[in-house]
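Trainee: So here's run-v8.txt (compact mmCIF, C-alpha atoms).
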# COMPACT_ATOMS: atom_id res chain seq x y z
CA MET A 1 0.00 0.00 0.00
CA VAL A 2 2.89 2.36 0.72
CA ILE A 3 4.48 1.69 -2.67
CA ALA A 4 1.13 2.22 -4.42
CA SER A 5 0.49 5.52 -2.63
CA GLN A 6 3.98 6.81 -3.38
CA ALA A 7 3.64 5.69 -7.00
CA LEU A 8 0.42 7.70 -7.23
CA THR A 9 2.08 10.84 -5.86
CA ALA A 10 4.77 10.40 -8.51
CA LEU A 11 2.38 9.52 -11.34
CA ILE A 12 -0.02 12.46 -11.05
CA PRO A 13 2.71 15.19 -11.20
CA LEU A 14 4.34 13.31 -14.09
CA LEU A 15 1.09 13.24 -16.07
CA LEU A 16 0.40 16.90 -15.33
CA LEU A 17 3.92 17.83 -16.35
CA VAL A 18 3.64 15.94 -19.64
CA SER A 19 0.30 17.64 -20.35
CA THR A 20 1.79 21.05 -19.57
CA LEU A 21 4.90 20.60 -21.74
CA ALA A 22 3.00 19.06 -24.65
CA PRO A 23 2.40 21.25 -27.74
CA ALA A 24 -0.82 23.24 -27.87
CA ASP A 25 -2.40 20.79 -30.31
CA ARG A 26 -1.38 17.77 -28.21
CA ARG A 27 -2.58 18.81 -24.75
CA ASP A 28 -4.75 15.69 -24.67
CA VAL A 29 -1.79 13.31 -25.10
CA VAL A 30 -2.06 11.98 -21.52
CA SER A 31 -5.81 11.53 -21.54
CA GLN A 32 -5.74 9.82 -24.93
CA ALA A 33 -2.95 7.51 -23.78
CA LEU A 34 -4.98 6.47 -20.71
CA ILE A 35 -8.10 6.01 -22.80
CA ARG A 36 -6.25 3.75 -25.24
CA ARG A 37 -4.43 1.92 -22.45
CA PHE A 38 -7.60 0.94 -20.58
CA GLU A 39 -9.92 1.02 -23.64
CA LEU A 40 -12.26 3.52 -22.01
CA THR A 41 -15.52 4.75 -23.48
CA GLY A 42 -18.47 6.90 -22.44
CA ASN A 43 -18.41 8.74 -19.12
CA ALA A 44 -15.10 7.16 -18.08
CA ALA A 45 -13.33 8.53 -21.17
CA ASP A 46 -14.94 11.94 -20.68
CA ALA A 47 -13.82 12.07 -17.04
CA VAL A 48 -10.23 11.16 -17.90
CA THR A 49 -10.19 13.77 -20.66
CA GLU A 50 -11.48 16.45 -18.30
CA VAL A 51 -8.92 15.62 -15.60
CA PHE A 52 -5.77 15.49 -17.74
CA ALA A 53 -6.49 17.31 -21.01
CA ARG A 54 -5.87 20.94 -19.95
CA PRO A 55 -4.30 21.48 -16.53
CA VAL A 56 -5.06 24.92 -15.17
CA GLY A 57 -2.14 27.17 -14.42
CA GLY A 58 0.21 26.21 -17.26
CA SER A 59 3.84 26.94 -16.36
CA SER A 60 3.29 27.36 -12.62
CA ILE A 61 1.85 23.87 -12.38
CA GLY A 62 4.70 22.65 -14.56
CA VAL A 63 7.36 24.00 -12.18
CA LEU A 64 5.52 22.68 -9.13
CA SER A 65 5.09 19.32 -10.83
CA VAL A 66 8.84 19.07 -11.46
CA VAL A 67 9.60 19.68 -7.77
CA ILE A 68 6.95 17.24 -6.54
CA LEU A 69 7.88 14.72 -9.21
CA VAL A 70 11.55 14.64 -8.21
CA PHE A 71 10.75 14.37 -4.50
CA SER A 72 8.03 11.72 -4.89
CA GLY A 73 10.06 9.79 -7.47
CA VAL A 74 13.10 9.58 -5.19
CA SER A 75 10.85 8.60 -2.26
CA LEU A 76 9.32 5.82 -4.37
CA ALA A 77 12.77 4.58 -5.45
CA ARG A 78 14.03 4.55 -1.85
CA ARG A 79 10.96 2.66 -0.66
CA MET A 80 11.46 0.04 -3.37
CA GLN A 81 15.16 -0.09 -2.52
CA ARG A 82 14.38 -0.89 1.12
CA MET A 83 11.91 -3.54 -0.01
CA TYR A 84 14.54 -5.24 -2.18
CA GLN A 85 17.17 -4.99 0.57
CA GLU A 86 14.88 -6.60 3.14
CA ALA A 87 13.81 -9.38 0.76
CA TRP A 88 17.38 -10.20 -0.30
CA GLN A 89 18.80 -9.58 3.20
CA VAL A 90 21.29 -6.98 2.00
CA GLU A 91 22.52 -4.16 4.22
CA PRO A 92 21.83 -0.64 2.91
CA VAL A 93 24.67 1.39 1.43
CA HIS A 94 25.01 4.88 2.83
CA GLY A 95 26.65 7.88 1.24
CA VAL A 96 27.04 8.98 -2.36
CA ARG A 97 27.10 5.48 -3.86
CA GLY A 98 23.76 4.50 -2.36
CA SER A 99 22.11 7.76 -3.49
CA LEU A 100 23.57 7.46 -6.98
CA ASN A 101 22.24 3.93 -7.45
CA THR A 102 18.82 5.11 -6.22
CA PHE A 103 18.74 7.79 -8.92
CA LEU A 104 19.97 5.28 -11.51
CA GLY A 105 17.24 2.84 -10.52
CA LEU A 106 14.60 5.56 -10.81
CA GLY A 107 16.00 6.60 -14.19
CA ALA A 108 15.96 3.00 -15.43
CA LEU A 109 12.34 2.64 -14.29
CA LEU A 110 11.24 5.77 -16.17
CA LEU A 111 13.27 4.82 -19.25
CA GLU A 112 11.83 1.33 -19.46
CA ILE A 113 8.28 2.64 -19.03
CA ALA A 114 8.88 5.15 -21.83
CA LEU A 115 10.33 2.44 -24.09
CA LEU A 116 7.36 0.17 -23.37
CA TYR A 117 4.94 2.96 -24.29
CA LEU A 118 6.91 3.65 -27.49
CA ALA A 119 6.94 -0.03 -28.44
CA ARG A 120 3.19 -0.34 -27.93
CA SER A 121 2.63 2.79 -30.01
CA LEU A 122 4.66 1.32 -32.87
CA LEU A 123 2.90 -2.03 -32.64
CA ARG A 124 -0.51 -0.37 -32.76
CA SER A 125 -0.06 0.27 -36.49
CA LEU A 126 0.66 -3.40 -37.22
CA PRO A 127 -1.89 -6.17 -37.80
CA ARG A 128 -2.64 -8.37 -34.79
CA ASP A 129 -1.05 -5.80 -32.52
CA GLN A 130 -2.74 -7.30 -29.45
CA LEU A 131 -0.93 -10.62 -29.96
CA LEU A 132 2.41 -8.94 -30.62
CA SER A 133 2.13 -6.68 -27.58
CA ILE A 134 2.13 -9.64 -25.15
CA PRO A 135 5.66 -10.97 -25.91
CA VAL A 136 6.96 -7.39 -26.18
CA SER A 137 5.50 -6.57 -22.76
CA ILE A 138 7.00 -9.72 -21.24
CA LEU A 139 10.44 -9.07 -22.74
CA THR A 140 10.44 -5.40 -21.70
CA GLY A 141 9.20 -6.30 -18.23
CA LEU A 142 11.92 -8.93 -17.86
CA VAL A 143 14.60 -6.34 -18.63
CA LEU A 144 12.93 -3.77 -16.39
CA TRP A 145 12.43 -5.94 -13.30
CA THR A 146 15.92 -7.38 -13.60
CA CYS A 147 17.79 -4.10 -14.07
CA VAL A 148 15.90 -2.02 -11.50
CA PRO A 149 16.44 -4.46 -8.58
CA TRP A 150 20.09 -4.87 -9.58
CA LEU A 151 20.62 -1.11 -9.48
CA LEU A 152 18.68 -0.59 -6.25
CA LEU A 153 20.64 -3.43 -4.63
CA ASP A 154 23.86 -1.60 -5.59
CA GLY A 155 24.94 -4.50 -7.81
CA ARG A 156 25.62 -6.71 -4.78
CA VAL A 157 23.26 -9.43 -6.04
CA TYR A 158 24.37 -11.06 -9.28
CA TRP A 159 21.90 -10.06 -12.01
CA ARG A 160 21.27 -13.65 -13.10
CA ARG A 161 19.91 -14.40 -9.63
CA LEU A 162 17.31 -11.67 -10.26
CA VAL A 163 16.10 -13.15 -13.56
CA PRO A 164 13.44 -15.50 -12.02
CA GLY A 165 11.87 -12.57 -10.17
CA GLY A 166 12.00 -10.41 -13.27
CA LEU A 167 10.36 -13.13 -15.34
CA LEU A 168 7.63 -13.69 -12.74
CA ALA A 169 6.91 -9.97 -12.46
CA SER A 170 6.82 -9.51 -16.24
CA VAL A 171 4.49 -12.48 -16.85
CA CYS A 172 2.14 -11.43 -14.05
CA GLY A 173 2.29 -7.86 -15.28
CA ALA A 174 1.37 -8.91 -18.82
CA ALA A 175 -1.57 -10.97 -17.52
CA PHE A 176 -2.72 -8.06 -15.36
CA SER A 177 -2.40 -5.74 -18.37
CA ILE A 178 -4.88 -7.91 -20.27
CA ALA A 179 -7.19 -8.07 -17.25
CA SER A 180 -7.03 -4.28 -16.91
CA THR A 181 -8.67 -3.80 -20.31
CA ILE A 182 -11.59 -5.90 -19.05
CA TYR A 183 -12.30 -4.50 -15.58
CA MET A 184 -10.87 -0.96 -15.71
CA PRO A 185 -13.51 0.46 -18.14
CA ARG A 186 -16.31 -0.75 -15.86
CA THR A 187 -14.50 0.47 -12.75
CA MET A 188 -13.79 3.89 -14.26
CA GLU A 189 -17.40 4.16 -15.43
CA THR A 190 -18.81 3.27 -12.02
CA TYR A 191 -16.45 5.49 -10.02
CA SER A 192 -16.87 8.48 -12.33
CA GLU A 193 -20.67 8.23 -12.01
CA ARG A 194 -20.51 7.98 -8.21
CA TYR A 195 -17.67 10.35 -7.35
CA GLY A 196 -17.19 12.49 -10.45
CA LEU A 197 -13.63 13.39 -11.43
CA PHE A 198 -12.31 12.03 -8.13
CA GLY A 199 -13.42 8.58 -9.27
CA VAL A 200 -10.61 8.56 -11.85
CA THR A 201 -8.07 8.89 -9.03
CA LEU A 202 -9.74 6.14 -7.02
CA ALA A 203 -9.60 3.78 -10.00
CA LEU A 204 -5.90 4.59 -10.55
CA VAL A 205 -5.19 3.92 -6.86
CA GLY A 206 -6.73 0.45 -7.13
CA TRP A 207 -4.80 -0.25 -10.34
CA LEU A 208 -1.49 0.84 -8.78
CA LEU A 209 -2.22 -1.25 -5.69
CA CYS A 210 -2.49 -4.37 -7.87
CA VAL A 211 0.73 -3.46 -9.70
CA SER A 212 2.52 -2.98 -6.37
CA LEU A 213 1.23 -6.33 -5.15
CA ILE A 214 2.73 -8.01 -8.22
CA ILE A 215 6.10 -6.30 -7.67
CA VAL A 216 6.30 -7.14 -3.96
CA GLY A 217 5.05 -10.69 -4.46
CA ALA A 218 7.53 -11.37 -7.27
CA THR A 219 10.37 -9.97 -5.16
CA VAL A 220 9.55 -12.15 -2.16
CA VAL A 221 9.08 -15.28 -4.25
CA SER A 222 12.34 -14.62 -6.12
CA ALA A 223 14.37 -14.11 -2.94
CA GLU A 224 12.95 -17.23 -1.30
CA PHE A 225 13.42 -19.20 -4.51
CA ASP A 226 17.08 -18.17 -4.53
CA ARG A 227 17.50 -19.51 -0.98
CA SER A 228 15.49 -22.69 -1.62
CA GLN A 229 17.24 -26.04 -1.54
CA GLY A 230 14.57 -27.82 -3.58
CA TRP A 231 15.56 -29.73 -6.68
CA PHE A 232 13.68 -27.42 -9.03
CA ALA A 233 15.28 -24.31 -7.56
CA LYS A 234 18.74 -25.88 -7.79
CA ARG A 235 18.13 -26.92 -11.40
CA VAL A 236 17.03 -23.41 -12.38
CA ARG A 237 20.05 -21.87 -10.64
CA SER A 238 22.31 -24.36 -12.39
CA TRP A 239 20.75 -23.46 -15.74
CA LEU A 240 21.32 -19.76 -14.99
CA GLY A 241 24.91 -20.46 -13.94
CA VAL A 242 24.49 -19.24 -10.36
CA SER A 243 24.32 -20.83 -6.94
CA SER A 244 22.42 -19.98 -3.81
CA THR A 245 24.17 -18.38 -0.89
CA LYS A 246 23.27 -21.46 1.11
CA ASP A 247 24.92 -23.65 -1.52
CA ASP A 248 28.17 -21.73 -1.04
CA ALA A 249 28.04 -21.64 2.76
CA PRO A 250 30.45 -24.02 4.55
CA PRO A 251 28.92 -26.77 6.68
CA ARG A 252 28.26 -25.72 10.28
CA GLN A 253 30.47 -27.37 12.91
CA VAL A 254 28.35 -29.12 15.54
CA SER A 255 29.91 -30.07 18.84
CA GLY A 256 28.74 -32.92 21.01
CA PRO A 257 26.91 -36.08 20.02
Take the structure in the file and write it out as structure tokens.
Mentor:
Amino acid sequence: MVIASQALTALIPLLLLVSTLAPADRRDVVSQALIRRFELTGNAADAVTEVFARPVGGSSIGVLSVVILVFSGVSLARRMQRMYQEAWQVEPVHGVRGSLNTFLGLGALLLEIALLYLARSLLRSLPRDQLLSIPVSILTGLVLWTCVPWLLLDGRVYWRRLVPGGLLASVCGAAFSIASTIYMPRTMETYSERYGLFGVTLALVGWLLCVSLIIVGATVVSAEFDRSQGWFAKRVRSWLGVSSTKDDAPPRQVSGP
């Protein structure tokens, strides 16, 4: 819930900033992207358009959005960094190196999201774009959720050990992406009728909560899988060319009978 709330405080300023910096004839770029992403129609599409199409205040909101975006983005990256450190039982790194890797992890997250959006935009012009978008989403998610944990863990966990978690997060994310196009239009429609424009925010909060659940769950499963001594876990680690920390640990000396 904390990751979802901090992601929301980073997402809203980012969307407002993009709307503010967009050309005059493209001020609806954010609203149209959300409408296409969730396949919205009717009142839900109208509510999203009204919220994001023309932010009031132009440049002043843009400057404020930059400040809030940087602060909330760094807070989100640090929260995710602590989550990865606790799951992988890694001590935090203080000083310039730890802060630098936090910024690099945040930059990688934003870059991968932008690349995913660009790839989906290019695929939209191709036939059977829905089928092609699934493997592209899985491949992009695999790179994203392998690189970001590696950066936030300061490179102290070998990247191949992070591949199972990245694969799990990307597959679950792709499945949730398909499910979002089914339930989000109905949710947006219902919330916008009940709560007006605030219903759009409520629907985004629920969507981000599910995304955060996938990220946290994949991280925990990946870390426990890396420590597992089961035959399947050992075979996967052997295939990846890595070994668990328990595999490398020397046998404990036991005194007495």
Trainee: So which one's closest to Ser212 in chain A, A:Leu144, A:Ala169, A:Arg78, A:Leu118? Using all atoms listed in the file, please.
Mentor: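 Of the candidates, the smallest distance to Ser212 in chain A is held by A:Ala169.
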Trainee: Between CA of Val242 in chain A and CA of Gly105 in chain A, what is the distance in Å, rounded to a tenth?
Mentor: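 These atoms are spaced 23.2 Å apart.
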Trainee: Suppose you want the space between CA of Trp88 in chain A and CA of Trp239 in chain A; what is it in Å?
Mentor: 20.6 Å
Trainee: Excluding same-chain residues fewer than 3 positions from Ala218 in chain A, what lies within 10 Å of it counting all atoms listed in the file, as a PyMOL selection string?
Mentor: chain A and resi 145+164-170+172+212-215+221-224
Trainee: Mind giving me the straight-line distance from CA of Ser133 in chain A to CA of Val211 in chain A in Å, one decimal?
Mentor: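 These two atoms are separated by 18.2 Å.
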Trainee: So which one's closest to Ser75 in chain A, A:Val163, A:Ala10, A:Leu40, A:Leu104? Using all atoms listed in the file, please.
Mentor: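 Looking at the shortest contact to Ser75 in chain A, the residue is A:Ala10.
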Trainee: If we draw a sphere of 10 Å around (19.7, 0.0, -4.0), which residues have at least one atom in it when counting only C-alpha atoms? Please report them as a ChimeraX atom specification.
Mentor: /A:77-85,90-94,97-105,148-156
Trainee: In terms of the shortest atom-to-atom distance over all atoms listed in the file, which of A:Glu112, A:Ala4, A:Gly107, A:Ser31 is closest to Val216 in chain A?
Mentor: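 Ranked by minimum distance to Val216 in chain A, first place goes to A:Ala4.
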Trainee: Counting all atoms listed in the file, write as a list in words all protein and nucleic acid residues lying at most 12 Å from (-10.7, 3.1, -5.2) in the file's frame.
Mentor: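 Protein and nucleic acid residues near the point are Ala4, Ser5, Met184, Thr187, Met188, Thr190, Tyr191, Ser192, Arg194, Tyr195, Phe198, Gly199, Val200, Thr201, Leu202, Ala203, Leu204, Val205, Gly206, Trp207, Leu208, Leu209 and Cys210 of chain A.
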Trainee: Asp226 in chain A: which residues within 12 Å, counting all atoms listed in the file, same-chain residues fewer than 4 positions away excluded, as number ranges by chain?
Mentor: A: 87-89, 157-158, 160-165, 219-222, 230-238, 240, 242-247
Trainee: Given only C-alpha atoms as the basis, pick out the residue of A:Leu116, A:Thr146, A:Leu109, A:Asp46 nearest to Ile134 in chain A.
Mentor: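 Residue with the minimum atom-to-atom distance to Ile134 in chain A: A:Leu116.
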Trainee: Quick one: residues within 12 Å of Leu69 in chain A, all atoms listed in the file counted, chain neighbours fewer than 2 positions away excluded, as a short mmCIF file (atom, residue, chain, number, x, y, z; two decimals) with C-alpha atoms, keeping the file's coordinate frame?
Mentor:
data_model
loop_
_atom_site.label_atom_id
_atom_site.label_comp_id
_atom_site.auth_asym_id
_atom_site.auth_seq_id
_atom_site.Cartn_x
_atom_site.Cartn_y
_atom_site.Cartn_z
CA GLN A 6 3.98 6.81 -3.38
CA ALA A 7 3.64 5.69 -7.00
CA LEU A 8 0.42 7.70 -7.23
CA THR A 9 2.08 10.84 -5.86
CA ALA A 10 4.77 10.40 -8.51
CA LEU A 11 2.38 9.52 -11.34
CA ILE A 12 -0.02 12.46 -11.05
CA PRO A 13 2.71 15.19 -11.20
CA LEU A 14 4.34 13.31 -14.09
CA LEU A 15 1.09 13.24 -16.07
CA LEU A 16 0.40 16.90 -15.33
CA LEU A 17 3.92 17.83 -16.35
CA VAL A 18 3.64 15.94 -19.64
CA ILE A 61 1.85 23.87 -12.38
CA GLY A 62 4.70 22.65 -14.56
CA VAL A 63 7.36 24.00 -12.18
CA LEU A 64 5.52 22.68 -9.13
CA SER A 65 5.09 19.32 -10.83
CA VAL A 66 8.84 19.07 -11.46
CA VAL A 67 9.60 19.68 -7.77
CA PHE A 71 10.75 14.37 -4.50
CA SER A 72 8.03 11.72 -4.89
CA GLY A 73 10.06 9.79 -7.47
CA VAL A 74 13.10 9.58 -5.19
CA SER A 75 10.85 8.60 -2.26
CA LEU A 76 9.32 5.82 -4.37
CA ALA A 77 12.77 4.58 -5.45
CA LEU A 106 14.60 5.56 -10.81
CA LEU A 110 11.24 5.77 -16.17
#
Trainee: When distances are computed from all atoms listed in the file, which of A:Asn43, A:Thr181, A:Thr140, A:Ser228 shows the smallest separation from Gly196 in chain A?
Mentor: A:Asn43
Trainee: From the list A:Val30, A:Val70, A:Ile3, A:Ala179, which residue is nearest Val51 in chain A when using only C-alpha atoms?
Mentor: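 Of A:Val30, A:Val70, A:Ile3, A:Ala179, the one nearest Val51 in chain A, counting only C-alpha atoms, is A:Val30.
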